[in-house]
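Just run.cif here, mmCIF, C-alpha atoms:
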data_query
loop_
_atom_site.label_atom_id
_atom_site.label_comp_id
_atom_site.auth_asym_id
_atom_site.auth_seq_id
_atom_site.Cartn_x
_atom_site.Cartn_y
_atom_site.Cartn_z
CA MET A 1 122.18 109.73 89.47
CA THR A 2 124.41 110.94 86.65
CA ALA A 3 127.41 112.16 88.68
CA PRO A 4 129.03 111.51 92.08
CA PRO A 5 127.26 112.86 95.19
CA ILE A 6 128.00 116.49 96.06
CA GLU A 7 128.71 117.40 99.66
CA ASP A 8 127.09 120.62 100.90
CA GLY A 9 125.36 120.88 97.56
CA ALA A 10 122.83 123.34 96.18
CA VAL A 11 120.10 123.30 93.56
CA LEU A 12 119.11 126.51 91.80
CA ILE A 13 115.45 126.56 90.71
CA SER A 14 113.71 128.92 88.30
CA GLY A 15 110.00 128.34 87.84
CA ASP A 16 109.46 124.59 87.53
CA ARG A 17 112.98 123.85 86.23
CA ILE A 18 116.42 123.23 87.69
CA GLN A 19 118.91 125.78 86.40
CA TRP A 20 122.07 124.67 88.14
CA VAL A 21 123.42 121.96 90.48
CA GLY A 22 126.72 122.07 92.32
CA ALA A 23 128.51 122.93 95.55
CA TRP A 24 126.95 125.67 97.67
CA LYS A 25 130.26 127.54 97.92
CA ASP A 26 130.27 127.96 94.13
CA LEU A 27 126.70 129.26 94.02
CA ALA A 28 126.52 131.41 97.14
CA PRO A 29 128.31 134.51 95.73
CA GLN A 30 125.83 134.62 92.84
CA VAL A 31 122.59 134.09 94.76
CA SER A 32 120.13 136.98 94.73
CA GLY A 33 116.85 135.15 95.43
CA ALA A 34 115.43 133.29 98.38
CA VAL A 35 117.54 130.51 99.90
CA GLU A 36 116.11 127.52 101.76
CA ASP A 37 118.52 125.52 103.90
CA LEU A 38 117.17 121.96 104.14
CA GLY A 39 119.60 120.91 106.87
CA GLU A 40 121.28 117.53 107.15
CA VAL A 41 119.56 115.70 104.30
CA ILE A 42 120.23 113.88 101.09
CA LEU A 43 118.52 115.56 98.14
CA LEU A 44 117.98 113.30 95.14
CA PRO A 45 115.76 113.12 92.04
CA GLY A 46 112.11 112.15 92.46
CA LEU A 47 111.67 108.43 91.81
CA VAL A 48 110.12 107.13 88.57
CA ASN A 49 107.64 104.27 89.01
CA SER A 50 107.50 102.58 85.61
CA HIS A 51 104.54 100.23 86.22
CA CYS A 52 101.66 100.71 88.63
CA HIS A 53 97.92 100.09 88.99
CA LEU A 54 96.86 102.93 91.30
CA GLU A 55 93.18 101.96 91.14
CA TYR A 56 93.89 98.62 92.88
CA THR A 57 95.52 100.12 96.00
CA HIS A 58 92.64 99.13 98.27
CA LEU A 59 92.91 95.50 97.18
CA ALA A 60 95.89 95.08 99.50
CA GLY A 61 95.31 91.90 101.50
CA VAL A 62 91.97 91.17 99.83
CA LEU A 63 93.17 88.31 97.60
CA ALA A 64 94.54 85.12 99.13
CA PRO A 65 97.88 83.95 97.69
CA PRO A 66 96.90 81.89 94.64
CA LYS A 67 97.88 78.36 93.66
CA SER A 68 98.36 79.52 90.07
CA PHE A 69 98.44 82.79 88.16
CA PRO A 70 95.08 82.13 86.42
CA ASP A 71 93.53 81.63 89.88
CA TRP A 72 94.74 85.10 90.86
CA ILE A 73 93.23 86.62 87.71
CA LYS A 74 89.88 85.03 88.53
CA SER A 75 90.11 86.36 92.09
CA ILE A 76 90.82 89.94 91.08
CA LEU A 77 88.02 89.89 88.50
CA THR A 78 85.63 88.76 91.24
CA ALA A 79 86.85 91.43 93.66
CA LYS A 80 86.55 94.18 91.05
CA SER A 81 82.97 93.16 90.20
CA ALA A 82 81.86 94.32 93.65
CA TRP A 83 83.37 97.82 93.25
CA ASP A 84 81.67 100.96 92.01
CA PHE A 85 83.22 104.14 90.62
CA ALA A 86 83.74 105.67 94.06
CA ASP A 87 85.68 102.60 95.20
CA TYR A 88 88.04 102.89 92.25
CA ALA A 89 88.48 106.65 92.68
CA LEU A 90 89.25 106.48 96.42
CA SER A 91 91.65 103.60 95.85
CA TRP A 92 93.44 105.54 93.07
CA LEU A 93 93.76 108.69 95.16
CA ASP A 94 95.11 106.76 98.14
CA GLY A 95 97.69 105.13 95.89
CA ALA A 96 98.79 108.49 94.50
CA ARG A 97 99.15 109.83 98.05
CA GLN A 98 101.27 106.83 99.06
CA LEU A 99 103.59 107.34 96.11
CA LEU A 100 104.15 111.03 96.85
CA GLN A 101 104.85 110.35 100.51
CA SER A 102 107.34 107.60 99.65
CA GLY A 103 109.23 109.66 97.07
CA THR A 104 107.76 108.88 93.65
CA THR A 105 107.15 111.96 91.50
CA SER A 106 106.40 110.28 88.13
CA VAL A 107 104.38 107.12 87.54
CA ALA A 108 103.29 104.99 84.59
CA ASP A 109 99.76 104.10 85.65
CA ILE A 110 97.61 101.44 83.99
CA VAL A 111 93.95 102.50 83.95
CA SER A 112 91.12 100.03 83.40
CA VAL A 113 88.31 102.50 84.24
CA PRO A 114 88.65 105.37 81.74
CA GLU A 115 86.04 107.48 83.52
CA LEU A 116 88.59 107.92 86.31
CA LEU A 117 90.91 109.96 84.14
CA ASP A 118 88.96 113.22 84.18
CA VAL A 119 88.33 112.99 87.92
CA VAL A 120 91.51 111.81 89.62
CA ARG A 121 94.43 113.06 87.52
CA PRO A 122 93.82 116.78 88.20
CA SER A 123 93.61 116.10 91.95
CA THR A 124 97.24 115.06 92.44
CA PRO A 125 100.54 116.86 91.80
CA LEU A 126 102.05 113.47 90.88
CA ARG A 127 103.21 113.35 87.25
CA VAL A 128 100.90 110.64 85.93
CA HIS A 129 101.55 108.93 82.60
CA SER A 130 98.21 107.21 81.94
CA PHE A 131 98.10 104.01 79.89
CA LEU A 132 94.54 102.99 79.06
CA GLU A 133 94.06 99.26 79.39
CA MET A 134 92.42 97.31 76.56
CA THR A 135 91.36 93.66 76.40
CA GLY A 136 88.67 92.46 74.00
CA ILE A 137 88.44 88.71 74.67
CA ARG A 138 85.17 88.82 76.57
CA SER A 139 83.52 91.66 74.66
CA ARG A 140 84.61 90.32 71.24
CA ARG A 141 84.51 93.90 69.93
CA PRO A 142 86.46 94.80 66.79
CA ALA A 143 90.04 95.90 67.49
CA GLU A 144 89.58 99.20 65.63
CA GLU A 145 86.58 100.07 67.79
CA ILE A 146 88.44 99.34 71.05
CA VAL A 147 91.44 101.48 70.06
CA GLU A 148 89.28 104.34 68.78
CA GLU A 149 87.49 104.46 72.10
CA ALA A 150 90.82 104.61 73.92
CA ILE A 151 91.98 107.43 71.64
CA HIS A 152 88.82 109.37 72.49
CA TRP A 153 89.45 109.14 76.25
CA LEU A 154 93.15 109.93 76.08
CA SER A 155 92.97 112.79 73.59
CA GLU A 156 90.93 114.86 76.02
CA LEU A 157 93.47 114.75 78.84
CA PRO A 158 95.77 117.61 79.87
CA GLY A 159 99.39 116.94 79.01
CA HIS A 160 98.40 114.98 75.91
CA PRO A 161 100.28 113.48 74.09
CA GLU A 162 103.42 113.29 76.24
CA THR A 163 101.73 111.68 79.24
CA VAL A 164 99.28 109.20 77.71
CA GLY A 165 99.63 105.79 76.12
CA LEU A 166 97.92 102.52 75.23
CA SER A 167 97.99 99.33 77.25
CA PRO A 168 96.86 96.13 75.57
CA HIS A 169 96.64 94.13 78.78
CA ALA A 170 98.49 90.92 77.80
CA LEU A 171 98.74 88.41 74.98
CA TYR A 172 96.23 86.07 76.62
CA SER A 173 93.61 88.78 77.17
CA THR A 174 93.81 90.44 73.75
CA THR A 175 93.78 89.43 70.11
CA PRO A 176 96.50 89.61 67.46
CA GLU A 177 94.38 92.18 65.63
CA LEU A 178 94.26 94.44 68.70
CA LEU A 179 98.03 94.31 69.07
CA GLU A 180 98.59 95.20 65.43
CA VAL A 181 96.14 98.10 65.48
CA THR A 182 97.68 99.35 68.73
CA ALA A 183 101.16 99.26 67.18
CA GLN A 184 99.98 101.21 64.14
CA VAL A 185 98.18 103.90 66.15
CA ALA A 186 101.02 104.29 68.65
CA THR A 187 103.48 104.79 65.80
CA GLN A 188 101.26 107.40 64.15
CA LYS A 189 100.64 109.33 67.36
CA LYS A 190 104.08 108.72 68.88
CA TRP A 191 102.43 107.27 71.97
CA ARG A 192 104.05 104.76 74.29
CA ILE A 193 102.68 101.26 74.88
CA SER A 194 102.75 99.37 78.17
CA MET A 195 101.86 95.67 78.29
CA HIS A 196 102.22 92.67 80.62
CA VAL A 197 104.58 90.24 78.88
CA ALA A 198 105.71 86.75 79.98
CA GLU A 199 104.61 87.49 83.53
CA SER A 200 103.87 83.89 84.56
CA ILE A 201 104.97 80.38 83.66
CA ALA A 202 101.32 79.68 82.80
CA GLU A 203 101.40 82.40 80.14
CA PHE A 204 104.74 81.18 78.82
CA GLU A 205 103.49 77.59 78.50
CA MET A 206 100.27 78.72 76.82
CA PHE A 207 102.05 80.41 73.94
CA MET A 208 105.21 78.34 73.78
CA TYR A 209 103.67 74.89 74.11
CA ALA A 210 99.84 75.27 73.90
CA ARG A 211 99.35 73.74 77.32
CA GLY A 212 99.00 74.57 81.01
CA PRO A 213 96.33 76.04 83.33
CA MET A 214 95.99 79.33 81.45
CA TYR A 215 95.61 77.54 78.13
CA ASP A 216 92.97 75.19 79.57
CA TRP A 217 91.04 78.10 81.08
CA LEU A 218 91.09 80.44 78.09
CA VAL A 219 90.75 78.10 75.08
CA PRO A 220 86.93 78.23 75.26
CA GLN A 221 87.09 82.05 75.37
CA ARG A 222 89.67 82.98 72.73
CA ALA A 223 91.08 81.71 69.47
CA ARG A 224 94.18 79.57 69.90
CA GLN A 225 95.96 80.05 66.58
CA ASP A 226 98.83 81.86 68.32
CA CYS A 227 99.25 79.20 71.03
CA GLY A 228 102.23 76.91 70.57
CA THR A 229 103.87 79.32 68.11
CA GLY A 230 106.69 80.74 70.24
CA SER A 231 107.58 82.69 73.36
CA PRO A 232 105.46 85.71 74.39
CA VAL A 233 108.33 88.04 73.44
CA ARG A 234 108.59 86.50 69.97
CA ILE A 235 104.83 86.77 69.43
CA CYS A 236 104.95 90.44 70.42
CA GLU A 237 107.62 90.93 67.77
CA ASN A 238 105.54 89.06 65.17
CA HIS A 239 102.69 91.54 65.70
CA GLY A 240 104.96 94.56 65.34
CA ILE A 241 104.49 95.86 68.84
CA LEU A 242 108.14 95.88 69.99
CA SER A 243 109.77 99.30 69.61
CA PRO A 244 111.63 101.99 71.61
CA HIS A 245 108.17 103.15 72.71
CA PHE A 246 107.26 99.73 74.16
CA ILE A 247 107.36 99.10 77.92
CA ALA A 248 107.09 95.40 78.80
CA ALA A 249 106.02 94.77 82.38
CA HIS A 250 107.54 91.78 84.19
CA VAL A 251 109.17 89.60 81.46
CA ASN A 252 109.95 86.93 84.04
CA TYR A 253 110.33 84.08 81.54
CA LEU A 254 112.65 84.22 78.52
CA TRP A 255 113.43 81.83 75.70
CA GLN A 256 116.83 81.66 74.01
CA ASP A 257 117.33 84.98 72.18
CA ASP A 258 114.33 86.83 73.73
CA ALA A 259 116.60 89.28 75.58
CA HIS A 260 118.43 90.19 72.35
CA ARG A 261 115.07 90.39 70.57
CA LEU A 262 113.86 93.00 73.04
CA ALA A 263 117.15 94.90 72.88
CA SER A 264 117.22 94.98 69.09
CA HIS A 265 113.90 96.84 69.08
CA GLY A 266 114.89 99.20 71.92
CA ALA A 267 112.08 97.92 74.17
CA HIS A 268 112.11 98.56 77.93
CA VAL A 269 111.40 96.06 80.74
CA VAL A 270 109.92 96.84 84.16
CA HIS A 271 110.68 94.60 87.13
CA CYS A 272 108.32 94.64 90.14
CA PRO A 273 110.23 92.78 92.91
CA GLN A 274 107.47 92.47 95.53
CA SER A 275 104.89 91.26 93.05
CA HIS A 276 107.52 88.86 91.70
CA ALA A 277 108.01 87.41 95.18
CA TYR A 278 104.24 87.21 95.82
CA PHE A 279 103.77 84.85 92.87
CA ARG A 280 107.02 82.97 93.64
CA HIS A 281 108.22 83.36 90.06
CA HIS A 282 111.55 81.99 88.92
CA ARG A 283 114.59 84.26 89.28
CA PHE A 284 114.12 87.52 87.38
CA PRO A 285 116.54 87.53 84.39
CA ARG A 286 117.96 90.99 85.07
CA VAL A 287 121.53 90.16 84.17
CA GLU A 288 120.56 88.48 80.89
CA LEU A 289 118.38 91.43 79.89
CA GLN A 290 120.93 94.11 80.77
CA GLU A 291 123.85 92.28 79.20
CA ALA A 292 121.79 92.13 75.99
CA GLY A 293 121.31 95.91 76.17
CA VAL A 294 117.73 96.12 77.48
CA ASN A 295 116.81 99.13 79.62
CA VAL A 296 115.50 97.61 82.87
CA CYS A 297 113.62 99.78 85.36
CA LEU A 298 111.51 99.39 88.52
CA GLY A 299 107.79 99.46 89.24
CA THR A 300 105.52 98.72 92.16
CA ASP A 301 102.77 96.91 90.23
CA SER A 302 99.62 96.97 92.40
CA LEU A 303 98.97 96.12 96.04
CA ALA A 304 96.64 93.33 94.86
CA SER A 305 99.77 91.20 94.47
CA THR A 306 101.47 91.80 97.82
CA ARG A 307 101.43 89.81 101.04
CA VAL A 308 99.83 91.21 104.18
CA SER A 309 100.61 90.06 107.69
CA SER A 310 100.35 91.36 111.24
CA PHE A 311 103.95 92.56 110.82
CA HIS A 312 103.69 93.98 107.31
CA ARG A 313 101.07 96.22 105.75
CA PRO A 314 102.16 96.85 102.14
CA ARG A 315 102.07 100.25 100.52
CA LEU A 316 103.13 101.68 97.19
CA SER A 317 106.80 102.56 97.63
CA LEU A 318 109.71 102.25 95.23
CA PHE A 319 112.03 102.22 98.23
CA ASP A 320 110.35 99.00 99.37
CA GLU A 321 110.86 97.62 95.86
CA MET A 322 114.54 98.59 95.99
CA THR A 323 114.93 96.75 99.29
CA ALA A 324 113.19 93.67 97.90
CA LEU A 325 115.46 93.74 94.85
CA SER A 326 118.64 93.95 96.92
CA GLN A 327 117.47 91.00 99.03
CA SER A 328 116.75 88.83 95.99
CA ASP A 329 119.70 89.86 93.81
CA SER A 330 123.08 89.91 95.56
CA ARG A 331 124.87 90.91 92.35
CA ILE A 332 123.34 94.37 92.04
CA SER A 333 124.94 97.43 93.64
CA PRO A 334 123.14 100.31 95.40
CA ARG A 335 124.06 102.66 92.54
CA GLU A 336 122.53 100.26 89.99
CA ILE A 337 119.38 99.92 92.08
CA LEU A 338 118.98 103.70 92.26
CA ALA A 339 119.44 104.00 88.50
CA LEU A 340 116.62 101.50 87.90
CA ALA A 341 114.28 103.72 89.96
CA THR A 342 115.31 107.02 88.36
CA THR A 343 117.21 107.43 85.09
CA HIS A 344 116.15 104.07 83.64
CA GLY A 345 112.49 104.82 84.33
CA ALA A 346 112.86 108.26 82.76
CA ARG A 347 114.19 106.60 79.57
CA ALA A 348 111.28 104.18 79.51
CA LEU A 349 108.80 107.06 79.69
CA GLY A 350 110.65 108.98 76.98
CA ARG A 351 111.67 111.84 79.29
CA PRO A 352 115.36 111.25 80.05
CA ASP A 353 116.22 114.96 80.03
CA LEU A 354 113.27 116.04 82.20
CA ILE A 355 112.85 113.54 85.05
CA GLY A 356 114.93 111.03 86.97
CA GLY A 357 117.95 113.31 87.42
CA LEU A 358 119.08 116.70 88.67
CA GLY A 359 120.48 118.70 85.80
CA GLY A 360 120.29 121.92 83.88
CA ASN A 361 116.72 122.53 82.64
CA SER A 362 115.33 119.27 84.03
CA LEU A 363 112.05 119.48 85.91
CA ALA A 364 112.49 120.43 89.56
CA ASP A 365 111.21 117.11 90.90
CA PHE A 366 113.23 115.96 93.91
CA ILE A 367 112.95 114.38 97.35
CA THR A 368 114.85 114.58 100.64
CA LEU A 369 115.92 111.95 103.17
CA SER A 370 117.44 112.54 106.58
CA TYR A 371 121.14 111.67 106.61
CA GLN A 372 124.19 112.23 108.76
CA GLY A 373 127.17 110.22 107.65
CA PRO A 374 130.04 109.98 105.22
CA LEU A 375 129.45 110.70 101.56
CA SER A 376 130.79 107.24 100.69
CA ASP A 377 127.81 105.58 102.41
CA ALA A 378 125.13 107.79 100.88
CA GLU A 379 124.13 105.55 97.96
CA ALA A 380 123.77 102.45 100.14
CA ARG A 381 121.72 104.36 102.70
CA VAL A 382 119.38 105.73 100.04
CA ALA A 383 118.88 102.34 98.36
CA SER A 384 117.97 100.76 101.72
CA HIS A 385 115.73 103.57 102.98
CA SER A 386 112.38 102.59 104.51
CA GLY A 387 109.36 104.68 105.41
CA ASN A 388 108.26 108.03 104.07
CA VAL A 389 110.63 110.67 102.76
CA LEU A 390 111.08 114.01 104.50
CA GLY A 391 109.76 116.02 101.57
CA THR A 392 108.66 115.70 97.97
CA TRP A 393 108.89 118.52 95.41
CA VAL A 394 107.22 118.50 92.01
CA GLY A 395 107.99 121.35 89.64
CA GLY A 396 109.82 123.23 92.38
CA THR A 397 106.83 123.13 94.78
CA CYS A 398 106.87 121.09 97.98
CA VAL A 399 103.81 118.83 97.66
CA TRP A 400 104.50 116.64 100.71
CA ARG A 401 106.31 117.49 103.90
CA ASN A 402 106.70 114.85 106.57
CA PRO A 403 105.13 116.16 109.80
CA ASP A 404 108.11 114.69 111.71
CA TRP A 405 110.53 116.89 109.76
CA THR A 406 111.34 119.94 111.85
#

Written form, structure tokens:
Amino acid sequence: MTAPPIEDGAVLISGDRIQWVGAWKDLAPQVSGAVEDLGEVILLPGLVNSHCHLEYTHLAGVLAPPKSFPDWIKSILTAKSAWDFADYALSWLDGARQLLQSGTTSVADIVSVPELLDVVRPSTPLRVHSFLEMTGIRSRRPAEEIVEEAIHWLSELPGHPETVGLSPHALYSTTPELLEVTAQVATQKKWRISMHVAESIAEFEMFMYARGPMYDWLVPQRARQDCGTGSPVRICENHGILSPHFIAAHVNYLWQDDAHRLASHGAHVVHCPQSHAYFRHHRFPRVELQEAGVNVCLGTDSLASTRVSSFHRPRLSLFDEMTALSQSDSRISPREILALATTHGARALGRPDLIGGLGGNSLADFITLSYQGPLSDAEARVASHSGNVLGTWVGGTCVWRNPDWT
């Protein structure tokens, strides 16, 4: 991802780290340890999924395509009300399995059931960056109390503090006070924040113009002093939540200098192409964001916002997202697509030197795809790959091997 492809290449691993990458002919005379020949494959960094809801994996095909975004929110709230803890746990674990089999090794996961954290995270080799979701509109609890509870859950997790963060759900489901407290705590603890921002036209109209279906639905439930005061991005800035530690999911609707506003604070944006298509949003403003200097990366979102048919059963796969992106955006190259799913995601998670690339002292997280062809076609073939990978390694250990790989 950071240099041209290497033909007949080799990766030297020590413990859970990569020590050296280059041509096999340059390494062979120095090798004293075990050598594994992977055959005719492409070896590339493990993919970085920058926005996911693993716990909603089993909602694939459960929700009918909505007429409006608020209708979808109501539908998922109804579906979740029928689930118990076991339903959430099994759904989460299945999602983690799907990601490993399709080549993701690191994921930014939004968790709405904190009790899951102690149970499911230790059961997968996937590198999980857990962002605990917070709302507060229905409960009307004080912002400080909500954040303190989140701190309690996250502080007990292994890998803390590098792999945990806070997730105020969205502007419409939180309060200004919650956003401000979140920003303060995240700064103090050097935690990252992930939040849904400007995902739908209904959200944009609610805050920009104080109108629309989301505004009509939520006015009886929340204060409206921030409605009609500016774009969602601008309101995030007003509450001090934009920063290099801020990951904004979706950002489908921009106003005037919103892209430069995000870039000036070093914020990151995650695009989820299949979810974008499910809701039939307007064209994703990738070019505007990247030209302004925003780091744009890829995520799968959840399977609750994917279409199911007799010909297509969705699964969590960044390769499927890459294909969807190439089909909707003719201006993006295979190399750019691959960067969005690797190095850009690593930057968003604050681990650019550890994940998303193959380099000296980076974590030995990589995947393999079958390939026989010229080196010049490799990037295009990878970006258009479908199905499971041949193998997935995390920390130098093979954690998934395709049974068809002989």

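Taking all atoms listed in the file into account, A:Tyr278 lies nearest to A:Ala304 out of the set A:Leu171, A:Ile18, A:Ala304, A:Val382.
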
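Across the structure, atom CA of A:Ala96 and atom CA of A:Ser362 are spaced 22.3 Å apart.
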
With the file shown as input, list the residues that the PyMOL selection byres ((chain A and resi 317) around 8) selects, as a ChimeraX atom specification. /A:98-99,102-104,300,315-316,318-321

For the PyMOL selection byres ((chain A and resi 184-191) around 8), applied here, can you spell out every residue it catches as a list in words? Pro161, Glu162, Val164, Gly165, Leu166, Glu180, Val181, Thr182, Ala183, Arg192, Ile193 and His245 of chain A

Box time for stretch 322-325 of chain A: axis-aligned, enclosing all its listed atoms, 6 Å extra on each side; report centre and edge lengths in Å to one decimal, as lines of an AutoDock Vina configuration file.
center_x = 114.3
center_y = 96.1
center_z = 97.1
size_x = 14.3
size_y = 16.9
size_z = 16.4

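Between A:Ile6 and the residues A:Gly46, A:Arg401, A:Thr406, A:Glu379, the shortest atom-to-atom distance, using only C-alpha atoms, involves A:Glu379.
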
Please, which residues are within 9 Å of (114.3, 99.8, 85.3) by the file's coordinates, counting all atoms listed in the file, and could they come as an MDAnalysis selection string? chainID A and resid 49:50 268:271 295:299 337 339:348

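All residues of protein, DNA or RNA that reach within 7 Å of A:Trp24, judged by all atoms listed in the file and not counting those fewer than 4 positions away in the chain, are Asp8, Gly9, Ala10 and Ala28 of chain A.
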
Because the input lacks atoms here, generate N, CA and C atoms for stretch 38-63 of chain A and report them as a short mmCIF file (atom, residue, chain, number, x, y, z; two decimals), in the coordinates of the input.
data_model
loop_
_atom_site.label_atom_id
_atom_site.label_comp_id
_atom_site.auth_asym_id
_atom_site.auth_seq_id
_atom_site.Cartn_x
_atom_site.Cartn_y
_atom_site.Cartn_z
N LEU A 38 117.93 123.16 103.78
CA LEU A 38 117.17 121.96 104.14
C LEU A 38 117.80 121.18 105.29
N GLY A 39 118.97 121.60 105.74
CA GLY A 39 119.60 120.91 106.87
C GLY A 39 120.36 119.68 106.45
N GLU A 40 120.52 118.75 107.40
CA GLU A 40 121.28 117.53 107.15
C GLU A 40 120.42 116.50 106.42
N VAL A 41 120.38 116.60 105.11
CA VAL A 41 119.56 115.70 104.30
C VAL A 41 120.32 115.28 103.05
N ILE A 42 119.84 114.23 102.45
CA ILE A 42 120.23 113.88 101.09
C ILE A 42 119.11 114.38 100.18
N LEU A 43 119.48 115.12 99.14
CA LEU A 43 118.52 115.56 98.14
C LEU A 43 118.81 114.77 96.86
N LEU A 44 117.80 114.12 96.34
CA LEU A 44 117.98 113.30 95.14
C LEU A 44 116.76 113.43 94.23
N PRO A 45 116.88 112.98 92.97
CA PRO A 45 115.76 113.12 92.04
C PRO A 45 114.52 112.38 92.54
N GLY A 46 113.34 112.89 92.21
CA GLY A 46 112.11 112.15 92.46
C GLY A 46 112.15 110.81 91.74
N LEU A 47 111.62 109.78 92.37
CA LEU A 47 111.67 108.43 91.81
C LEU A 47 110.66 108.28 90.67
N VAL A 48 110.97 107.39 89.73
CA VAL A 48 110.12 107.13 88.57
C VAL A 48 109.60 105.71 88.66
N ASN A 49 108.31 105.57 88.89
CA ASN A 49 107.64 104.27 89.01
C ASN A 49 107.14 103.87 87.62
N SER A 50 107.76 102.88 87.02
CA SER A 50 107.50 102.58 85.61
C SER A 50 106.34 101.61 85.36
N HIS A 51 105.73 101.10 86.42
CA HIS A 51 104.54 100.23 86.22
C HIS A 51 103.75 100.18 87.51
N CYS A 52 102.50 100.66 87.44
CA CYS A 52 101.66 100.71 88.63
C CYS A 52 100.19 100.60 88.22
N HIS A 53 99.38 100.10 89.15
CA HIS A 53 97.92 100.09 88.99
C HIS A 53 97.36 100.82 90.22
N LEU A 54 97.30 102.15 90.16
CA LEU A 54 96.86 102.93 91.30
C LEU A 54 95.45 102.55 91.75
N GLU A 55 94.59 102.22 90.80
CA GLU A 55 93.18 101.96 91.14
C GLU A 55 92.98 100.71 91.97
N TYR A 56 94.01 99.85 92.10
CA TYR A 56 93.89 98.62 92.88
C TYR A 56 94.52 98.73 94.27
N THR A 57 94.85 99.95 94.71
CA THR A 57 95.52 100.12 96.00
C THR A 57 94.75 99.50 97.15
N HIS A 58 93.44 99.65 97.16
CA HIS A 58 92.64 99.13 98.27
C HIS A 58 92.35 97.63 98.17
N LEU A 59 93.01 96.96 97.23
CA LEU A 59 92.91 95.50 97.18
C LEU A 59 94.04 94.84 97.98
N ALA A 60 94.82 95.64 98.68
CA ALA A 60 95.89 95.08 99.50
C ALA A 60 95.31 94.13 100.54
N GLY A 61 95.76 92.89 100.53
CA GLY A 61 95.31 91.90 101.50
C GLY A 61 93.96 91.28 101.22
N VAL A 62 93.32 91.69 100.14
CA VAL A 62 91.97 91.17 99.83
C VAL A 62 92.05 89.79 99.18
N LEU A 63 93.06 89.57 98.34
CA LEU A 63 93.17 88.31 97.60
C LEU A 63 94.13 87.36 98.31
#
